[in-house]
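K.L.:
I am sharing query_28.pdb, which consists of PDB, C-alpha atoms:
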```
ATOM      1  CA  MET K   1       0.000   0.000   0.000  1.00  0.00           C
ATOM      2  CA  PRO K   2       1.503   3.381  -0.975  1.00  0.00           C
ATOM      3  CA  ALA K   3       2.477   5.781   1.788  1.00  0.00           C
ATOM      4  CA  LEU K   4       2.442   9.560   1.660  1.00  0.00           C
ATOM      5  CA  LEU K   5       4.828  11.846   3.478  1.00  0.00           C
ATOM      6  CA  VAL K   6       3.277  15.239   4.149  1.00  0.00           C
ATOM      7  CA  GLY K   7       5.528  18.055   5.275  1.00  0.00           C
ATOM      8  CA  SER K   8       4.061  21.275   6.686  1.00  0.00           C
ATOM      9  CA  ILE K   9       6.677  23.987   6.632  1.00  0.00           C
ATOM     10  CA  THR K  10       7.228  27.494   7.968  1.00  0.00           C
ATOM     11  CA  VAL K  11      10.518  28.904   6.702  1.00  0.00           C
ATOM     12  CA  THR K  12      12.585  30.778   9.296  1.00  0.00           C
ATOM     13  CA  ASP K  13      15.899  31.133   7.408  1.00  0.00           C
ATOM     14  CA  PRO K  14      15.448  31.245   3.623  1.00  0.00           C
ATOM     15  CA  ALA K  15      19.130  30.649   2.832  1.00  0.00           C
ATOM     16  CA  ALA K  16      19.388  27.539   5.027  1.00  0.00           C
ATOM     17  CA  TRP K  17      16.042  26.285   3.727  1.00  0.00           C
ATOM     18  CA  ALA K  18      17.186  26.679   0.120  1.00  0.00           C
ATOM     19  CA  ARG K  19      20.289  24.576   0.847  1.00  0.00           C
ATOM     20  CA  TYR K  20      18.109  21.886   2.469  1.00  0.00           C
ATOM     21  CA  VAL K  21      15.648  21.809  -0.445  1.00  0.00           C
ATOM     22  CA  GLN K  22      18.512  21.565  -2.922  1.00  0.00           C
ATOM     23  CA  ALA K  23      19.902  18.481  -1.134  1.00  0.00           C
ATOM     24  CA  VAL K  24      16.821  16.593   0.107  1.00  0.00           C
ATOM     25  CA  GLY K  25      15.406  15.611  -3.284  1.00  0.00           C
ATOM     26  CA  ALA K  26      18.266  13.213  -3.979  1.00  0.00           C
ATOM     27  CA  THR K  27      17.463  11.251  -0.804  1.00  0.00           C
ATOM     28  CA  PHE K  28      13.998  10.154  -2.008  1.00  0.00           C
ATOM     29  CA  ALA K  29      14.767   8.043  -5.107  1.00  0.00           C
ATOM     30  CA  PRO K  30      16.876   5.340  -3.403  1.00  0.00           C
ATOM     31  CA  HIS K  31      13.790   4.545  -1.298  1.00  0.00           C
ATOM     32  CA  GLY K  32      11.282   4.749  -4.150  1.00  0.00           C
ATOM     33  CA  GLY K  33      10.043   8.200  -3.169  1.00  0.00           C
ATOM     34  CA  ARG K  34       8.768  10.766  -5.632  1.00  0.00           C
ATOM     35  CA  VAL K  35       7.527  14.280  -4.997  1.00  0.00           C
ATOM     36  CA  LEU K  36       3.846  14.566  -5.887  1.00  0.00           C
ATOM     37  CA  GLY K  37       3.645  18.262  -5.181  1.00  0.00           C
ATOM     38  CA  ARG K  38       4.894  21.330  -3.397  1.00  0.00           C
ATOM     39  CA  GLY K  39       2.933  24.440  -2.671  1.00  0.00           C
ATOM     40  CA  VAL K  40       2.716  27.745  -0.883  1.00  0.00           C
ATOM     41  CA  LEU K  41      -0.341  28.531   1.237  1.00  0.00           C
ATOM     42  CA  ALA K  42      -2.819  30.479  -0.856  1.00  0.00           C
ATOM     43  CA  ARG K  43      -5.857  30.475   1.402  1.00  0.00           C
ATOM     44  CA  THR K  44      -7.126  28.757   4.554  1.00  0.00           C
ATOM     45  CA  LEU K  45     -10.633  27.438   4.032  1.00  0.00           C
ATOM     46  CA  THR K  46     -11.322  25.798   7.399  1.00  0.00           C
ATOM     47  CA  GLY K  47      -9.358  25.608  10.646  1.00  0.00           C
ATOM     48  CA  GLU K  48      -5.722  26.638  10.887  1.00  0.00           C
ATOM     49  CA  ALA K  49      -2.970  25.861   8.398  1.00  0.00           C
ATOM     50  CA  ALA K  50      -0.031  23.952   9.860  1.00  0.00           C
ATOM     51  CA  GLY K  51       2.511  25.902   7.828  1.00  0.00           C
ATOM     52  CA  GLU K  52       3.025  28.321   4.981  1.00  0.00           C
ATOM     53  CA  ARG K  53       4.308  25.621   2.630  1.00  0.00           C
ATOM     54  CA  ILE K  54       3.588  21.951   2.006  1.00  0.00           C
ATOM     55  CA  VAL K  55       5.280  19.033   0.307  1.00  0.00           C
ATOM     56  CA  VAL K  56       3.796  15.622  -0.476  1.00  0.00           C
ATOM     57  CA  VAL K  57       6.068  12.681  -1.324  1.00  0.00           C
ATOM     58  CA  GLU K  58       4.807   9.229  -2.291  1.00  0.00           C
ATOM     59  CA  PHE K  59       6.698   6.064  -1.295  1.00  0.00           C
ATOM     60  CA  PRO K  60       5.888   2.464  -2.276  1.00  0.00           C
ATOM     61  CA  ASP K  61       4.885   1.661   1.307  1.00  0.00           C
ATOM     62  CA  LEU K  62       5.277   2.777   4.905  1.00  0.00           C
ATOM     63  CA  SER K  63       8.446   0.696   5.333  1.00  0.00           C
ATOM     64  CA  ALA K  64      10.138   2.524   2.454  1.00  0.00           C
ATOM     65  CA  LEU K  65       9.081   5.880   3.880  1.00  0.00           C
ATOM     66  CA  THR K  66      10.468   4.913   7.281  1.00  0.00           C
ATOM     67  CA  ARG K  67      13.745   3.693   5.746  1.00  0.00           C
ATOM     68  CA  TRP K  68      14.076   7.032   3.950  1.00  0.00           C
ATOM     69  CA  HIS K  69      13.400   8.996   7.143  1.00  0.00           C
ATOM     70  CA  ASP K  70      15.868   6.945   9.185  1.00  0.00           C
ATOM     71  CA  SER K  71      18.564   6.808   6.470  1.00  0.00           C
ATOM     72  CA  PRO K  72      21.967   8.340   7.217  1.00  0.00           C
ATOM     73  CA  GLU K  73      21.608  10.495   4.092  1.00  0.00           C
ATOM     74  CA  TYR K  74      18.397  12.105   5.296  1.00  0.00           C
ATOM     75  CA  GLN K  75      19.412  12.298   8.955  1.00  0.00           C
ATOM     76  CA  ALA K  76      22.537  14.209   7.901  1.00  0.00           C
ATOM     77  CA  LEU K  77      20.213  16.928   6.524  1.00  0.00           C
ATOM     78  CA  VAL K  78      18.084  17.268   9.675  1.00  0.00           C
ATOM     79  CA  PRO K  79      20.276  19.995  11.271  1.00  0.00           C
ATOM     80  CA  LEU K  80      20.035  22.028   8.070  1.00  0.00           C
ATOM     81  CA  ARG K  81      16.252  21.486   7.967  1.00  0.00           C
ATOM     82  CA  GLU K  82      15.947  22.633  11.574  1.00  0.00           C
ATOM     83  CA  ALA K  83      18.117  25.684  10.889  1.00  0.00           C
ATOM     84  CA  GLY K  84      15.920  26.693   7.970  1.00  0.00           C
ATOM     85  CA  ALA K  85      12.358  26.017   9.042  1.00  0.00           C
ATOM     86  CA  ARG K  86       9.817  24.685  11.490  1.00  0.00           C
ATOM     87  CA  VAL K  87       8.715  21.415   9.900  1.00  0.00           C
ATOM     88  CA  SER K  88       6.080  18.846  10.777  1.00  0.00           C
ATOM     89  CA  LEU K  89       6.413  15.521   8.925  1.00  0.00           C
ATOM     90  CA  THR K  90       3.514  13.035   8.965  1.00  0.00           C
ATOM     91  CA  ALA K  91       3.045   9.705   7.219  1.00  0.00           C
ATOM     92  CA  TYR K  92      -0.226   8.410   5.774  1.00  0.00           C
ATOM     93  CA  GLU K  93      -1.092   5.105   4.143  1.00  0.00           C
ATOM     94  CA  ALA K  94      -2.958   5.642   0.882  1.00  0.00           C
TER      95      ALA K  94
END
```
Just give me the structure as structure tokens.
P.N.:
Amino acid sequence: MPALLVGSITVTDPAAWARYVQAVGATFAPHGGRVLGRGVLARTLTGEAAGERIVVVEFPDLSALTRWHDSPEYQALVPLREAGARVSLTAYEA
């Protein structure tokens, strides 16, 4: 069953965030991940938005998503992610 990674993002340091975004994409493919979409908040229709930006990445299954998240390649980018933004990552089975 496919799994979706949803990232809700509020950028705090645009330069650090740009470096993170430039590097993170290469960490998805080895785990079967592909970016389905990225976006910037245009309008809140109901409730409160979790961030000003969003990313959705599809993985073959929850195990692949977890392997990506726990991989040394991704974990090496976590300090840069934290320097650049407040990020909430959630996983969903599709």
K.L.:
With a distance cut-off of 9 Å and all atoms listed in the file, select the neighbouring residues of Gly7 (chain K), excluding the residue or stretch itself and same-chain residues fewer than 6 positions from it, and output the selection as a list of chain:residue names.
P.N.:
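Using all atoms listed in the file, the neighbours found are K:Gly51, K:Arg53, K:Ile54, K:Val55, K:Val56, K:Val57, K:Val87, K:Ser88, K:Leu89, K:Thr90, K:Ala91.
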K.L.:
Can you write out the residues you just picked, keeping C-alpha atoms, as an mmCIF file, keeping the file's coordinate frame?
P.N.:
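Saved to result_13.cif:
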```cif
data_model
loop_
_atom_site.group_PDB
_atom_site.id
_atom_site.type_symbol
_atom_site.label_atom_id
_atom_site.label_comp_id
_atom_site.auth_asym_id
_atom_site.auth_seq_id
_atom_site.Cartn_x
_atom_site.Cartn_y
_atom_site.Cartn_z
ATOM 1 C CA GLY K 51 2.511 25.902 7.828
ATOM 2 C CA ARG K 53 4.308 25.621 2.630
ATOM 3 C CA ILE K 54 3.588 21.951 2.006
ATOM 4 C CA VAL K 55 5.280 19.033 0.307
ATOM 5 C CA VAL K 56 3.796 15.622 -0.476
ATOM 6 C CA VAL K 57 6.068 12.681 -1.324
ATOM 7 C CA VAL K 87 8.715 21.415 9.900
ATOM 8 C CA SER K 88 6.080 18.846 10.777
ATOM 9 C CA LEU K 89 6.413 15.521 8.925
ATOM 10 C CA THR K 90 3.514 13.035 8.965
ATOM 11 C CA ALA K 91 3.045 9.705 7.219
#
```
K.L.:
For the structure provided, state which residues fall under the PyMOL selection byres ((chain K and resi 9-24) around 12), and present them as JSON, numbers by chain.
P.N.:
{"K": [6, 7, 8, 25, 26, 27, 28, 29, 30, 33, 34, 35, 38, 39, 40, 41, 49, 50, 51, 52, 53, 54, 55, 56, 57, 68, 69, 71, 73, 74, 75, 76, 77, 78, 79, 80, 81, 82, 83, 84, 85, 86, 87, 88, 89, 90]}
K.L.:
Quote the spacing between CA of Gly37 (chain K) and CA of Ala3 (chain K) in Å to one decimal place.
P.N.:
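Result for CA of Gly37 (chain K) versus CA of Ala3 (chain K): 14.3 Å, one decimal.
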K.L.:
Give me the residues within 6 Å of region 58-61 of chain K as an mmCIF file with C-alpha atoms, in the frame of the given file, counting only C-alpha atoms and dropping any in the same chain fewer than 2 places off.
P.N.:
```cif
data_model
loop_
_atom_site.group_PDB
_atom_site.id
_atom_site.type_symbol
_atom_site.label_atom_id
_atom_site.label_comp_id
_atom_site.auth_asym_id
_atom_site.auth_seq_id
_atom_site.Cartn_x
_atom_site.Cartn_y
_atom_site.Cartn_z
ATOM 1 C CA MET K 1 0.000 0.000 0.000
ATOM 2 C CA PRO K 2 1.503 3.381 -0.975
ATOM 3 C CA ALA K 3 2.477 5.781 1.788
ATOM 4 C CA LEU K 4 2.442 9.560 1.660
ATOM 5 C CA GLY K 32 11.282 4.749 -4.150
ATOM 6 C CA GLY K 33 10.043 8.200 -3.169
ATOM 7 C CA ARG K 34 8.768 10.766 -5.632
ATOM 8 C CA SER K 63 8.446 0.696 5.333
ATOM 9 C CA ALA K 64 10.138 2.524 2.454
ATOM 10 C CA LEU K 65 9.081 5.880 3.880
#
```
K.L.:
Put a box with edges along x, y and z around all the listed atoms of region 12-22 of chain K, pad it by 3 Å on each side, then give me its centre and sizes in Å, one decimal, as AutoDock Vina command-line options.
P.N.:
```
--center_x 16.4 --center_y 26.4 --center_z 3.2 --size_x 13.7 --size_y 15.7 --size_z 18.2
```
